[in-house]
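A.B. asks: So I've got this file, my_file-v2.cif, and it contains mmCIF, N, CA and C atoms:
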```cif
data_data
loop_
_atom_site.label_atom_id
_atom_site.label_comp_id
_atom_site.auth_asym_id
_atom_site.auth_seq_id
_atom_site.Cartn_x
_atom_site.Cartn_y
_atom_site.Cartn_z
N MET A 1136 21.14 75.02 113.75
CA MET A 1136 21.60 73.80 114.41
C MET A 1136 21.85 74.12 115.88
N THR A 1137 21.31 73.33 116.76
CA THR A 1137 21.45 73.54 118.20
C THR A 1137 22.83 73.10 118.70
N LYS A 1138 23.16 73.49 119.91
CA LYS A 1138 24.43 73.06 120.51
C LYS A 1138 24.48 71.54 120.62
N ILE A 1139 23.35 70.92 120.94
CA ILE A 1139 23.30 69.45 121.03
C ILE A 1139 23.60 68.84 119.66
N ALA A 1140 23.04 69.41 118.60
CA ALA A 1140 23.30 68.91 117.25
C ALA A 1140 24.77 69.11 116.87
N ILE A 1141 25.36 70.23 117.29
CA ILE A 1141 26.78 70.47 117.03
C ILE A 1141 27.61 69.41 117.76
N GLU A 1142 27.29 69.14 119.02
CA GLU A 1142 28.02 68.13 119.78
C GLU A 1142 27.79 66.72 119.23
N ASP A 1143 26.64 66.48 118.61
CA ASP A 1143 26.41 65.20 117.95
C ASP A 1143 27.25 65.06 116.68
N ALA A 1144 27.57 66.21 116.06
CA ALA A 1144 28.30 66.20 114.78
C ALA A 1144 29.81 66.05 114.96
N ILE A 1145 30.36 66.64 116.04
CA ILE A 1145 31.81 66.61 116.25
C ILE A 1145 32.11 66.22 117.69
N PRO A 1146 33.33 65.69 117.95
CA PRO A 1146 33.65 65.22 119.30
C PRO A 1146 34.11 66.31 120.27
N HIS A 1147 34.27 67.53 119.84
CA HIS A 1147 34.79 68.61 120.68
C HIS A 1147 33.80 68.97 121.78
N ARG A 1148 34.35 69.32 122.93
CA ARG A 1148 33.56 69.76 124.09
C ARG A 1148 34.27 70.94 124.74
N GLY A 1149 33.52 71.69 125.56
CA GLY A 1149 34.09 72.83 126.26
C GLY A 1149 35.25 72.42 127.13
N PRO A 1150 36.25 73.24 127.27
CA PRO A 1150 36.34 74.60 126.74
C PRO A 1150 36.88 74.66 125.32
N MET A 1151 37.05 73.52 124.66
CA MET A 1151 37.60 73.54 123.29
C MET A 1151 36.55 73.48 122.20
N LEU A 1152 35.28 73.48 122.54
CA LEU A 1152 34.25 73.59 121.52
C LEU A 1152 34.14 75.06 121.15
N LEU A 1153 34.48 75.39 119.91
CA LEU A 1153 34.61 76.78 119.49
C LEU A 1153 33.59 77.18 118.44
N VAL A 1154 32.47 76.49 118.39
CA VAL A 1154 31.37 76.84 117.48
C VAL A 1154 30.13 77.02 118.35
N ASP A 1155 29.53 78.22 118.29
CA ASP A 1155 28.31 78.49 119.04
C ASP A 1155 27.06 78.14 118.24
N GLU A 1156 27.10 78.40 116.93
CA GLU A 1156 25.92 78.14 116.11
C GLU A 1156 26.30 77.93 114.66
N VAL A 1157 25.47 77.14 113.99
CA VAL A 1157 25.57 76.97 112.54
C VAL A 1157 24.49 77.85 111.93
N VAL A 1158 24.91 78.80 111.11
CA VAL A 1158 23.99 79.75 110.51
C VAL A 1158 23.37 79.18 109.24
N GLU A 1159 24.21 78.58 108.41
CA GLU A 1159 23.72 77.94 107.18
C GLU A 1159 24.68 76.85 106.76
N GLN A 1160 24.14 75.90 106.02
CA GLN A 1160 24.95 74.76 105.58
C GLN A 1160 24.36 74.20 104.29
N SER A 1161 25.27 73.84 103.37
CA SER A 1161 24.88 73.15 102.14
C SER A 1161 25.80 71.95 101.98
N GLU A 1162 25.78 71.32 100.84
CA GLU A 1162 26.63 70.15 100.60
C GLU A 1162 28.12 70.47 100.70
N ASP A 1163 28.52 71.68 100.26
CA ASP A 1163 29.95 71.99 100.20
C ASP A 1163 30.32 73.30 100.91
N HIS A 1164 29.44 73.79 101.78
CA HIS A 1164 29.68 75.08 102.43
C HIS A 1164 29.00 75.10 103.80
N ILE A 1165 29.65 75.80 104.75
CA ILE A 1165 29.04 76.01 106.07
C ILE A 1165 29.45 77.38 106.58
N LEU A 1166 28.51 78.02 107.28
CA LEU A 1166 28.76 79.30 107.92
C LEU A 1166 28.39 79.14 109.39
N CYS A 1167 29.37 79.39 110.27
CA CYS A 1167 29.18 79.23 111.71
C CYS A 1167 29.59 80.51 112.42
N ARG A 1168 29.14 80.65 113.69
CA ARG A 1168 29.51 81.80 114.51
C ARG A 1168 30.05 81.35 115.86
N LYS A 1169 30.91 82.21 116.39
CA LYS A 1169 31.44 82.04 117.75
C LYS A 1169 31.65 83.43 118.33
N THR A 1170 31.13 83.64 119.54
CA THR A 1170 31.39 84.88 120.26
C THR A 1170 32.39 84.59 121.37
N PHE A 1171 33.46 85.36 121.40
CA PHE A 1171 34.50 85.18 122.41
C PHE A 1171 34.17 86.07 123.62
N THR A 1172 33.89 85.43 124.75
CA THR A 1172 33.59 86.15 125.97
C THR A 1172 34.89 86.51 126.69
N PRO A 1173 34.87 87.54 127.52
CA PRO A 1173 36.09 87.95 128.22
C PRO A 1173 36.67 86.88 129.15
N ASP A 1174 35.88 85.87 129.52
CA ASP A 1174 36.38 84.85 130.45
C ASP A 1174 36.93 83.60 129.75
N GLU A 1175 37.16 83.67 128.46
CA GLU A 1175 37.78 82.53 127.76
C GLU A 1175 39.13 82.23 128.41
N TYR A 1176 39.45 80.95 128.56
CA TYR A 1176 40.64 80.54 129.31
C TYR A 1176 41.94 81.12 128.73
N PHE A 1177 42.04 81.29 127.44
CA PHE A 1177 43.30 81.71 126.83
C PHE A 1177 43.58 83.20 127.01
N PHE A 1178 42.57 84.01 127.34
CA PHE A 1178 42.81 85.44 127.55
C PHE A 1178 43.63 85.70 128.81
N GLN A 1179 43.69 84.73 129.74
CA GLN A 1179 44.46 84.91 130.97
C GLN A 1179 45.94 85.17 130.66
N GLY A 1180 46.44 84.57 129.60
CA GLY A 1180 47.86 84.73 129.31
C GLY A 1180 48.16 85.26 127.93
N HIS A 1181 47.15 85.60 127.13
CA HIS A 1181 47.35 86.02 125.74
C HIS A 1181 46.53 87.25 125.43
N TYR A 1182 46.87 88.33 125.72
CA TYR A 1182 47.85 88.87 126.64
C TYR A 1182 47.08 89.54 127.75
N PRO A 1183 47.49 89.44 129.00
CA PRO A 1183 46.69 89.95 130.11
C PRO A 1183 46.33 91.44 129.99
N ASP A 1184 47.24 92.26 129.47
CA ASP A 1184 46.97 93.70 129.37
C ASP A 1184 46.30 94.11 128.06
N TYR A 1185 46.28 93.23 127.07
CA TYR A 1185 45.65 93.50 125.78
C TYR A 1185 45.22 92.17 125.18
N PRO A 1186 44.13 91.58 125.71
CA PRO A 1186 43.75 90.23 125.31
C PRO A 1186 43.40 90.12 123.82
N LEU A 1187 43.98 89.10 123.20
CA LEU A 1187 43.73 88.78 121.79
C LEU A 1187 43.41 87.30 121.66
N VAL A 1188 42.54 86.96 120.73
CA VAL A 1188 42.31 85.55 120.43
C VAL A 1188 43.53 85.05 119.67
N PRO A 1189 44.19 84.00 120.17
CA PRO A 1189 45.36 83.47 119.45
C PRO A 1189 44.97 82.99 118.05
N GLY A 1190 45.88 83.18 117.12
CA GLY A 1190 45.64 82.75 115.75
C GLY A 1190 45.33 81.27 115.64
N VAL A 1191 45.98 80.46 116.46
CA VAL A 1191 45.73 79.02 116.42
C VAL A 1191 44.30 78.70 116.84
N ILE A 1192 43.71 79.52 117.71
CA ILE A 1192 42.31 79.33 118.12
C ILE A 1192 41.38 79.67 116.95
N LEU A 1193 41.72 80.71 116.20
CA LEU A 1193 40.92 81.04 115.01
C LEU A 1193 40.98 79.90 114.00
N CYS A 1194 42.17 79.33 113.82
CA CYS A 1194 42.30 78.17 112.93
C CYS A 1194 41.47 77.00 113.43
N GLU A 1195 41.58 76.71 114.72
CA GLU A 1195 40.85 75.58 115.31
C GLU A 1195 39.34 75.77 115.18
N ALA A 1196 38.85 76.96 115.47
CA ALA A 1196 37.41 77.22 115.36
C ALA A 1196 36.93 76.99 113.93
N THR A 1197 37.71 77.44 112.97
CA THR A 1197 37.35 77.28 111.56
C THR A 1197 37.40 75.81 111.15
N MET A 1198 38.39 75.08 111.63
CA MET A 1198 38.46 73.66 111.32
C MET A 1198 37.32 72.89 111.98
N GLN A 1199 36.86 73.33 113.16
CA GLN A 1199 35.70 72.70 113.77
C GLN A 1199 34.46 72.93 112.91
N ALA A 1200 34.31 74.13 112.36
CA ALA A 1200 33.21 74.38 111.43
C ALA A 1200 33.31 73.42 110.25
N GLY A 1201 34.53 73.24 109.73
CA GLY A 1201 34.74 72.29 108.65
C GLY A 1201 34.40 70.87 109.06
N ALA A 1202 34.71 70.51 110.30
CA ALA A 1202 34.41 69.16 110.79
C ALA A 1202 32.90 68.93 110.85
N ILE A 1203 32.15 69.98 111.22
CA ILE A 1203 30.69 69.85 111.21
C ILE A 1203 30.20 69.60 109.78
N LEU A 1204 30.77 70.34 108.83
CA LEU A 1204 30.41 70.13 107.42
C LEU A 1204 30.71 68.70 106.99
N LEU A 1205 31.85 68.16 107.44
CA LEU A 1205 32.26 66.81 107.04
C LEU A 1205 31.56 65.71 107.81
N SER A 1206 30.84 66.06 108.86
CA SER A 1206 30.24 65.03 109.72
C SER A 1206 29.30 64.11 108.95
N LYS A 1207 28.75 64.58 107.86
CA LYS A 1207 27.85 63.73 107.07
C LYS A 1207 28.59 62.59 106.37
N PHE A 1208 29.92 62.71 106.29
CA PHE A 1208 30.74 61.68 105.65
C PHE A 1208 31.27 60.64 106.65
N VAL A 1209 31.02 60.86 107.95
CA VAL A 1209 31.58 60.01 109.00
C VAL A 1209 30.47 59.18 109.63
N THR A 1210 30.64 57.87 109.63
CA THR A 1210 29.71 57.00 110.32
C THR A 1210 30.04 57.03 111.80
N GLU A 1211 29.02 57.14 112.65
CA GLU A 1211 29.23 57.24 114.09
C GLU A 1211 30.12 56.11 114.59
N GLY A 1212 31.15 56.47 115.37
CA GLY A 1212 32.06 55.48 115.93
C GLY A 1212 33.15 55.05 114.98
N GLU A 1213 33.08 55.48 113.72
CA GLU A 1213 34.06 55.07 112.71
C GLU A 1213 35.37 55.84 112.81
N GLY A 1214 35.29 57.11 113.15
CA GLY A 1214 36.49 57.92 113.22
C GLY A 1214 36.16 59.36 113.55
N VAL A 1215 37.20 60.17 113.64
CA VAL A 1215 37.05 61.59 113.93
C VAL A 1215 37.83 62.40 112.89
N PRO A 1216 37.32 63.57 112.53
CA PRO A 1216 38.05 64.41 111.58
C PRO A 1216 39.28 65.02 112.26
N VAL A 1217 40.41 64.93 111.60
CA VAL A 1217 41.64 65.54 112.11
C VAL A 1217 42.31 66.33 110.99
N ALA A 1218 42.95 67.42 111.38
CA ALA A 1218 43.66 68.25 110.42
C ALA A 1218 44.93 67.55 109.98
N THR A 1219 45.22 67.65 108.70
CA THR A 1219 46.46 67.08 108.17
C THR A 1219 47.36 68.14 107.55
N ARG A 1220 46.78 69.31 107.24
CA ARG A 1220 47.60 70.34 106.60
C ARG A 1220 46.92 71.70 106.71
N LEU A 1221 47.72 72.74 106.95
CA LEU A 1221 47.28 74.13 106.89
C LEU A 1221 48.21 74.84 105.93
N ASN A 1222 47.65 75.56 104.98
CA ASN A 1222 48.46 76.28 103.98
C ASN A 1222 48.02 77.73 103.89
N ASP A 1223 48.98 78.58 103.55
CA ASP A 1223 48.69 79.98 103.24
C ASP A 1223 47.83 80.67 104.30
N VAL A 1224 48.20 80.50 105.56
CA VAL A 1224 47.46 81.13 106.66
C VAL A 1224 47.82 82.61 106.68
N LYS A 1225 46.78 83.45 106.64
CA LYS A 1225 47.01 84.90 106.64
C LYS A 1225 46.09 85.53 107.67
N PHE A 1226 46.68 86.29 108.60
CA PHE A 1226 45.94 87.00 109.62
C PHE A 1226 45.86 88.47 109.22
N LYS A 1227 44.65 89.01 109.20
CA LYS A 1227 44.44 90.38 108.70
C LYS A 1227 43.93 91.34 109.77
N LYS A 1228 43.26 90.82 110.80
CA LYS A 1228 42.63 91.67 111.80
C LYS A 1228 42.66 90.95 113.15
N MET A 1229 42.94 91.71 114.21
CA MET A 1229 42.93 91.12 115.54
C MET A 1229 41.50 90.84 116.00
N VAL A 1230 41.34 89.75 116.74
CA VAL A 1230 40.06 89.38 117.32
C VAL A 1230 40.19 89.51 118.83
N ARG A 1231 39.23 90.22 119.44
CA ARG A 1231 39.34 90.57 120.86
C ARG A 1231 38.13 90.08 121.63
N PRO A 1232 38.19 90.11 122.96
CA PRO A 1232 37.04 89.71 123.77
C PRO A 1232 35.80 90.50 123.36
N GLY A 1233 34.67 89.79 123.28
CA GLY A 1233 33.42 90.40 122.87
C GLY A 1233 33.14 90.32 121.38
N ASP A 1234 34.17 90.03 120.58
CA ASP A 1234 33.98 89.91 119.13
C ASP A 1234 33.25 88.63 118.79
N THR A 1235 32.40 88.71 117.79
CA THR A 1235 31.75 87.53 117.21
C THR A 1235 32.37 87.30 115.85
N ILE A 1236 32.90 86.09 115.67
CA ILE A 1236 33.48 85.74 114.37
C ILE A 1236 32.47 84.92 113.57
N GLU A 1237 32.56 85.06 112.26
CA GLU A 1237 31.85 84.18 111.35
C GLU A 1237 32.89 83.35 110.63
N MET A 1238 32.70 82.04 110.67
CA MET A 1238 33.61 81.10 110.02
C MET A 1238 32.93 80.56 108.79
N ASN A 1239 33.50 80.86 107.65
CA ASN A 1239 32.95 80.46 106.37
C ASN A 1239 33.88 79.40 105.78
N VAL A 1240 33.39 78.18 105.62
CA VAL A 1240 34.23 77.08 105.14
C VAL A 1240 33.62 76.50 103.88
N LYS A 1241 34.47 76.32 102.88
CA LYS A 1241 34.05 75.71 101.62
C LYS A 1241 34.85 74.44 101.38
N LEU A 1242 34.14 73.36 101.09
CA LEU A 1242 34.77 72.10 100.70
C LEU A 1242 35.11 72.21 99.23
N ASN A 1243 36.40 72.21 98.90
CA ASN A 1243 36.85 72.37 97.53
C ASN A 1243 36.95 71.05 96.78
N GLU A 1244 37.41 70.01 97.50
CA GLU A 1244 37.65 68.73 96.84
C GLU A 1244 37.68 67.61 97.87
N ARG A 1245 37.24 66.44 97.42
CA ARG A 1245 37.36 65.24 98.24
C ARG A 1245 38.08 64.19 97.41
N MET A 1246 39.12 63.60 98.01
CA MET A 1246 39.83 62.50 97.38
C MET A 1246 39.90 61.37 98.41
N ALA A 1247 39.06 60.35 98.22
CA ALA A 1247 38.92 59.25 99.18
C ALA A 1247 38.56 59.82 100.54
N ASP A 1248 39.40 59.62 101.55
CA ASP A 1248 39.13 60.15 102.89
C ASP A 1248 39.87 61.44 103.18
N ALA A 1249 40.34 62.13 102.14
CA ALA A 1249 40.99 63.43 102.30
C ALA A 1249 40.05 64.52 101.81
N PHE A 1250 39.92 65.56 102.61
CA PHE A 1250 39.02 66.66 102.31
C PHE A 1250 39.82 67.96 102.28
N PHE A 1251 39.71 68.72 101.21
CA PHE A 1251 40.47 69.95 101.02
C PHE A 1251 39.50 71.13 101.08
N MET A 1252 39.78 72.07 102.00
CA MET A 1252 38.84 73.16 102.27
C MET A 1252 39.54 74.51 102.33
N THR A 1253 38.74 75.56 102.20
CA THR A 1253 39.19 76.93 102.40
C THR A 1253 38.34 77.52 103.51
N GLY A 1254 39.00 78.17 104.47
CA GLY A 1254 38.30 78.80 105.57
C GLY A 1254 38.59 80.29 105.63
N LYS A 1255 37.54 81.06 105.93
CA LYS A 1255 37.68 82.50 106.12
C LYS A 1255 36.97 82.88 107.40
N VAL A 1256 37.60 83.75 108.17
CA VAL A 1256 37.02 84.27 109.41
C VAL A 1256 36.83 85.76 109.23
N THR A 1257 35.62 86.23 109.54
CA THR A 1257 35.35 87.66 109.48
C THR A 1257 34.82 88.13 110.83
N VAL A 1258 35.06 89.41 111.09
CA VAL A 1258 34.52 90.10 112.27
C VAL A 1258 33.88 91.38 111.74
N ASP A 1259 32.59 91.54 112.00
CA ASP A 1259 31.86 92.72 111.50
C ASP A 1259 32.03 92.89 109.99
N GLY A 1260 32.05 91.77 109.27
CA GLY A 1260 32.14 91.81 107.82
C GLY A 1260 33.54 92.03 107.28
N LYS A 1261 34.54 92.17 108.17
CA LYS A 1261 35.92 92.41 107.72
C LYS A 1261 36.74 91.14 107.90
N LEU A 1262 37.55 90.83 106.92
CA LEU A 1262 38.38 89.62 106.95
C LEU A 1262 39.38 89.68 108.09
N ALA A 1263 39.37 88.67 108.95
CA ALA A 1263 40.32 88.58 110.05
C ALA A 1263 41.39 87.54 109.77
N MET A 1264 41.02 86.48 109.03
CA MET A 1264 41.96 85.39 108.77
C MET A 1264 41.43 84.54 107.63
N ARG A 1265 42.35 83.97 106.86
CA ARG A 1265 41.96 83.01 105.83
C ARG A 1265 43.06 81.97 105.71
N PHE A 1266 42.69 80.76 105.29
CA PHE A 1266 43.67 79.71 105.06
C PHE A 1266 43.03 78.56 104.31
N ASP A 1267 43.88 77.74 103.74
CA ASP A 1267 43.48 76.48 103.13
C ASP A 1267 43.89 75.38 104.08
N PHE A 1268 43.06 74.34 104.19
CA PHE A 1268 43.42 73.24 105.07
C PHE A 1268 42.87 71.93 104.54
N ALA A 1269 43.45 70.87 105.05
CA ALA A 1269 43.01 69.52 104.68
C ALA A 1269 42.74 68.73 105.95
N CYS A 1270 41.78 67.83 105.85
CA CYS A 1270 41.41 66.95 106.96
C CYS A 1270 41.25 65.53 106.43
N THR A 1271 41.36 64.60 107.34
CA THR A 1271 41.04 63.22 107.04
C THR A 1271 40.23 62.68 108.21
N VAL A 1272 39.65 61.51 108.01
CA VAL A 1272 38.93 60.86 109.09
C VAL A 1272 39.86 59.82 109.68
N ALA A 1273 40.26 60.02 110.93
CA ALA A 1273 41.19 59.10 111.61
C ALA A 1273 40.40 58.07 112.39
N LYS A 1274 40.86 56.85 112.34
CA LYS A 1274 40.23 55.78 113.12
C LYS A 1274 40.40 56.10 114.59
N MET A 1275 39.37 55.83 115.36
CA MET A 1275 39.44 56.04 116.81
C MET A 1275 40.08 54.82 117.45
N GLU A 1276 41.11 55.10 118.25
CA GLU A 1276 41.79 54.02 118.96
C GLU A 1276 41.52 54.17 120.44
N ASN A 1277 41.53 53.09 121.16
CA ASN A 1277 41.33 53.16 122.61
C ASN A 1277 42.51 53.84 123.27
N ALA A 1278 42.21 54.68 124.24
CA ALA A 1278 43.27 55.44 124.93
C ALA A 1278 44.04 54.57 125.88
#
```
Would you mind giving the structure from this file in C-alpha cells?

C.D. replies:
Amino acid sequence: MTKIAIEDAIPHRGPMLLVDEVVEQSEDHILCRKTFTPDEYFFQGHYPDYPLVPGVILCEATMQAGAILLSKFVTEGEGVPVATRLNDVKFKKMVRPGDTIEMNVKLNERMADAFFMTGKVTVDGKLAMRFDFACTVAKMENA
C-alpha cells in the first residue's frame, strides 16, 4: 500500500502520520512498518541525551495501523476511527532513533461500531510493546 493509499485510508498527516508502509493485510489482521528517523519532532525533548520513542507514540502508531485495517468499515465522510480504550499496555523494549518497528494488529471482535483489537510492536523480531485497544467510528463535526 502506497503512502497515498494510507492517507486515503486514514485522516492522519505528518508529523503525526506514523505508518510508513502496509506490509500485509487480511480481513482481520494488518502488518505495518514505521522507521523512526533521528529528526522526529519528539526526540528534541524525549530525551535529548538519550532519545527514546515515547510509549504513547508506539500506541498511536499501532492504533493508526488498526485504523487502516478498519477503514474498510468506514464510508468516506461518515466518520473517523477514534480510540476508546487501551488495556494491559506492556512495554518490553526501548525504541530508539533509526529503529524500524513492525505493528501487528488483529481485529478480535466487532460489536456494532465498536472494534476490539490487539496490537504488538516488534523491533528486529523482539517484542517492544503490546496492548489491547478498542476503537469506534466517531461522526465528524465541523470545527

A.B. asks: Please list as a list in words every residue within 6 Å of Val1217 of chain A, counting all atoms listed in the file and excluding residues in the same chain fewer than 6 positions away.

C.D. replies: Ala1269, Cys1270, Thr1271, Val1272 and Ala1273 of chain A

A.B. asks: Please dump the current selection as an mmCIF file, keeping the file's coordinate frame; keep N, CA and C atoms.

C.D. replies:
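Saved the output as out-v6.cif:
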```cif
data_model
loop_
_atom_site.group_PDB
_atom_site.id
_atom_site.type_symbol
_atom_site.label_atom_id
_atom_site.label_comp_id
_atom_site.auth_asym_id
_atom_site.auth_seq_id
_atom_site.Cartn_x
_atom_site.Cartn_y
_atom_site.Cartn_z
ATOM 1 N N ALA A 1269 43.450 70.870 105.050
ATOM 2 C CA ALA A 1269 43.010 69.520 104.680
ATOM 3 C C ALA A 1269 42.740 68.730 105.950
ATOM 4 N N CYS A 1270 41.780 67.830 105.850
ATOM 5 C CA CYS A 1270 41.410 66.950 106.960
ATOM 6 C C CYS A 1270 41.250 65.530 106.430
ATOM 7 N N THR A 1271 41.360 64.600 107.340
ATOM 8 C CA THR A 1271 41.040 63.220 107.040
ATOM 9 C C THR A 1271 40.230 62.680 108.210
ATOM 10 N N VAL A 1272 39.650 61.510 108.010
ATOM 11 C CA VAL A 1272 38.930 60.860 109.090
ATOM 12 C C VAL A 1272 39.860 59.820 109.680
ATOM 13 N N ALA A 1273 40.260 60.020 110.930
ATOM 14 C CA ALA A 1273 41.190 59.100 111.610
ATOM 15 C C ALA A 1273 40.400 58.070 112.390
#
```

A.B. asks: Which residues, written as an MDAnalysis selection string, have at least one atom at most 7 Å from segment 1149-1158 of chain A, with all atoms listed in the file counted and residues fewer than 3 positions away on the same chain left out?

C.D. replies: chainID A and resid 1136:1138 1165:1170 1195:1197 1199:1200

A.B. asks: Need to verify the contact set: segment 1244-1259 of chain A, 8 Å, all atoms listed in the file, exclusion of same-chain residues closer than 5 positions in sequence. Can you return it as a PyMOL selection string?

C.D. replies: chain A and resi 1193+1197-1198+1201+1228-1230+1234-1239+1264-1273

A.B. asks: For atom CA of Lys1227 of chain A and atom C of Pro1186 of chain A, quote the distance in Å rounded to one decimal.

C.D. replies: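 Rounded to one decimal, the two atoms are 15.2 Å apart.
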
A.B. asks: Using only C-alpha atoms, pick whichever of A:Ser1161, A:Asn1243, A:Glu1142, A:Arg1231 has the shortest atom-to-atom distance to Pro1183 of chain A.

C.D. replies: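 Closest residue, counting only C-alpha atoms: A:Arg1231.
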
A.B. asks: Can you measure atom C of Leu1204 of chain A to atom N of Ala1144 of chain A for me? One decimal in Å is fine.

C.D. replies: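 It comes out at 9.9 Å.
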
A.B. asks: To one decimal place in Å, what is the distance between atom CA of Gly1233 of chain A and atom CA of Pro1216 of chain A?

C.D. replies: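 Result for atom CA of Gly1233 of chain A versus atom CA of Pro1216 of chain A: 28.7 Å, one decimal.
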
A.B. asks: Fewer than 4 positions away in the same chain doesn't count, so skip those; otherwise give me all residues within 7 Å of His1164 of chain A, counting only C-alpha atoms, as a list in words.

C.D. replies: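 Those residues are Gln1160, Val1240, Lys1241 and Leu1242 of chain A.
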
A.B. asks: Which of segment 1154-1188 of chain A end up as helix (DSSP H, G or I) when DSSP is run on this backbone - answer as a list of chain:residue names?

C.D. replies: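 So, restricting segment 1154-1188 of chain A to helix (DSSP H, G or I), we get A:Tyr1176, A:Phe1177, A:Phe1178, A:Gln1179.
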
A.B. asks: Need the axis-aligned box for segment 1226-1244 of chain A with 8 Å each side, so what are the centre and edges in Å to one decimal, as JSON?

C.D. replies:
```
{"center_x": 39.2, "center_y": 79.7, "center_z": 110.3, "size_x": 30.9, "size_y": 40.1, "size_z": 43.0}
```

A.B. asks: As a VMD selection string, list the residues of chain A assigned to strand (DSSP E) by DSSP on the backbone atoms of this structure.

C.D. replies: chain A and resid 1156 to 1160 1164 to 1170 1214 to 1226 1235 to 1246 1249 to 1258 1261 to 1274

A.B. asks: Name every residue that the PyMOL selection byres (((chain A and resi 1210 and name CA) around 12) and name CA) selects in this structure, writing the answer as a PDB file with N, CA and C atoms, in the coordinates of the input with chains first and numbers rising.

C.D. replies:
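See part_13.pdb below for the written result:
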```
ATOM      1  N   ASP A1143      26.640  66.480 118.610  1.00  0.00           N
ATOM      2  CA  ASP A1143      26.410  65.200 117.950  1.00  0.00           C
ATOM      3  C   ASP A1143      27.250  65.060 116.680  1.00  0.00           C
ATOM      4  N   ALA A1144      27.570  66.210 116.060  1.00  0.00           N
ATOM      5  CA  ALA A1144      28.300  66.200 114.780  1.00  0.00           C
ATOM      6  C   ALA A1144      29.810  66.050 114.960  1.00  0.00           C
ATOM      7  N   ILE A1145      30.360  66.640 116.040  1.00  0.00           N
ATOM      8  CA  ILE A1145      31.810  66.610 116.250  1.00  0.00           C
ATOM      9  C   ILE A1145      32.110  66.220 117.690  1.00  0.00           C
ATOM     10  N   LEU A1205      31.850  68.160 107.440  1.00  0.00           N
ATOM     11  CA  LEU A1205      32.260  66.810 107.040  1.00  0.00           C
ATOM     12  C   LEU A1205      31.560  65.710 107.810  1.00  0.00           C
ATOM     13  N   SER A1206      30.840  66.060 108.860  1.00  0.00           N
ATOM     14  CA  SER A1206      30.240  65.030 109.720  1.00  0.00           C
ATOM     15  C   SER A1206      29.300  64.110 108.950  1.00  0.00           C
ATOM     16  N   LYS A1207      28.750  64.580 107.860  1.00  0.00           N
ATOM     17  CA  LYS A1207      27.850  63.730 107.070  1.00  0.00           C
ATOM     18  C   LYS A1207      28.590  62.590 106.370  1.00  0.00           C
ATOM     19  N   PHE A1208      29.920  62.710 106.290  1.00  0.00           N
ATOM     20  CA  PHE A1208      30.740  61.680 105.650  1.00  0.00           C
ATOM     21  C   PHE A1208      31.270  60.640 106.650  1.00  0.00           C
ATOM     22  N   VAL A1209      31.020  60.860 107.950  1.00  0.00           N
ATOM     23  CA  VAL A1209      31.580  60.010 109.000  1.00  0.00           C
ATOM     24  C   VAL A1209      30.470  59.180 109.630  1.00  0.00           C
ATOM     25  N   GLU A1211      29.020  57.140 112.650  1.00  0.00           N
ATOM     26  CA  GLU A1211      29.230  57.240 114.090  1.00  0.00           C
ATOM     27  C   GLU A1211      30.120  56.110 114.590  1.00  0.00           C
ATOM     28  N   GLY A1212      31.150  56.470 115.370  1.00  0.00           N
ATOM     29  CA  GLY A1212      32.060  55.480 115.930  1.00  0.00           C
ATOM     30  C   GLY A1212      33.150  55.050 114.980  1.00  0.00           C
ATOM     31  N   GLU A1213      33.080  55.480 113.720  1.00  0.00           N
ATOM     32  CA  GLU A1213      34.060  55.070 112.710  1.00  0.00           C
ATOM     33  C   GLU A1213      35.370  55.840 112.810  1.00  0.00           C
ATOM     34  N   GLY A1214      35.290  57.110 113.150  1.00  0.00           N
ATOM     35  CA  GLY A1214      36.490  57.920 113.220  1.00  0.00           C
ATOM     36  C   GLY A1214      36.160  59.360 113.550  1.00  0.00           C
ATOM     37  N   VAL A1215      37.200  60.170 113.640  1.00  0.00           N
ATOM     38  CA  VAL A1215      37.050  61.590 113.930  1.00  0.00           C
ATOM     39  C   VAL A1215      37.830  62.400 112.890  1.00  0.00           C
ATOM     40  N   PRO A1216      37.320  63.570 112.530  1.00  0.00           N
ATOM     41  CA  PRO A1216      38.050  64.410 111.580  1.00  0.00           C
ATOM     42  C   PRO A1216      39.280  65.020 112.260  1.00  0.00           C
ATOM     43  N   VAL A1272      39.650  61.510 108.010  1.00  0.00           N
ATOM     44  CA  VAL A1272      38.930  60.860 109.090  1.00  0.00           C
ATOM     45  C   VAL A1272      39.860  59.820 109.680  1.00  0.00           C
ATOM     46  N   ALA A1273      40.260  60.020 110.930  1.00  0.00           N
ATOM     47  CA  ALA A1273      41.190  59.100 111.610  1.00  0.00           C
ATOM     48  C   ALA A1273      40.400  58.070 112.390  1.00  0.00           C
ATOM     49  N   LYS A1274      40.860  56.850 112.340  1.00  0.00           N
ATOM     50  CA  LYS A1274      40.230  55.780 113.120  1.00  0.00           C
ATOM     51  C   LYS A1274      40.400  56.100 114.590  1.00  0.00           C
ATOM     52  N   MET A1275      39.370  55.830 115.360  1.00  0.00           N
ATOM     53  CA  MET A1275      39.440  56.040 116.810  1.00  0.00           C
ATOM     54  C   MET A1275      40.080  54.820 117.450  1.00  0.00           C
TER      55      MET A1275
END
```

A.B. asks: Looking at A:Val1191, A:Tyr1176, A:His1181, A:Lys1261, which one is nearest to Val1224 of chain A, with distances taken over only C-alpha atoms?

C.D. replies: A:Val1191
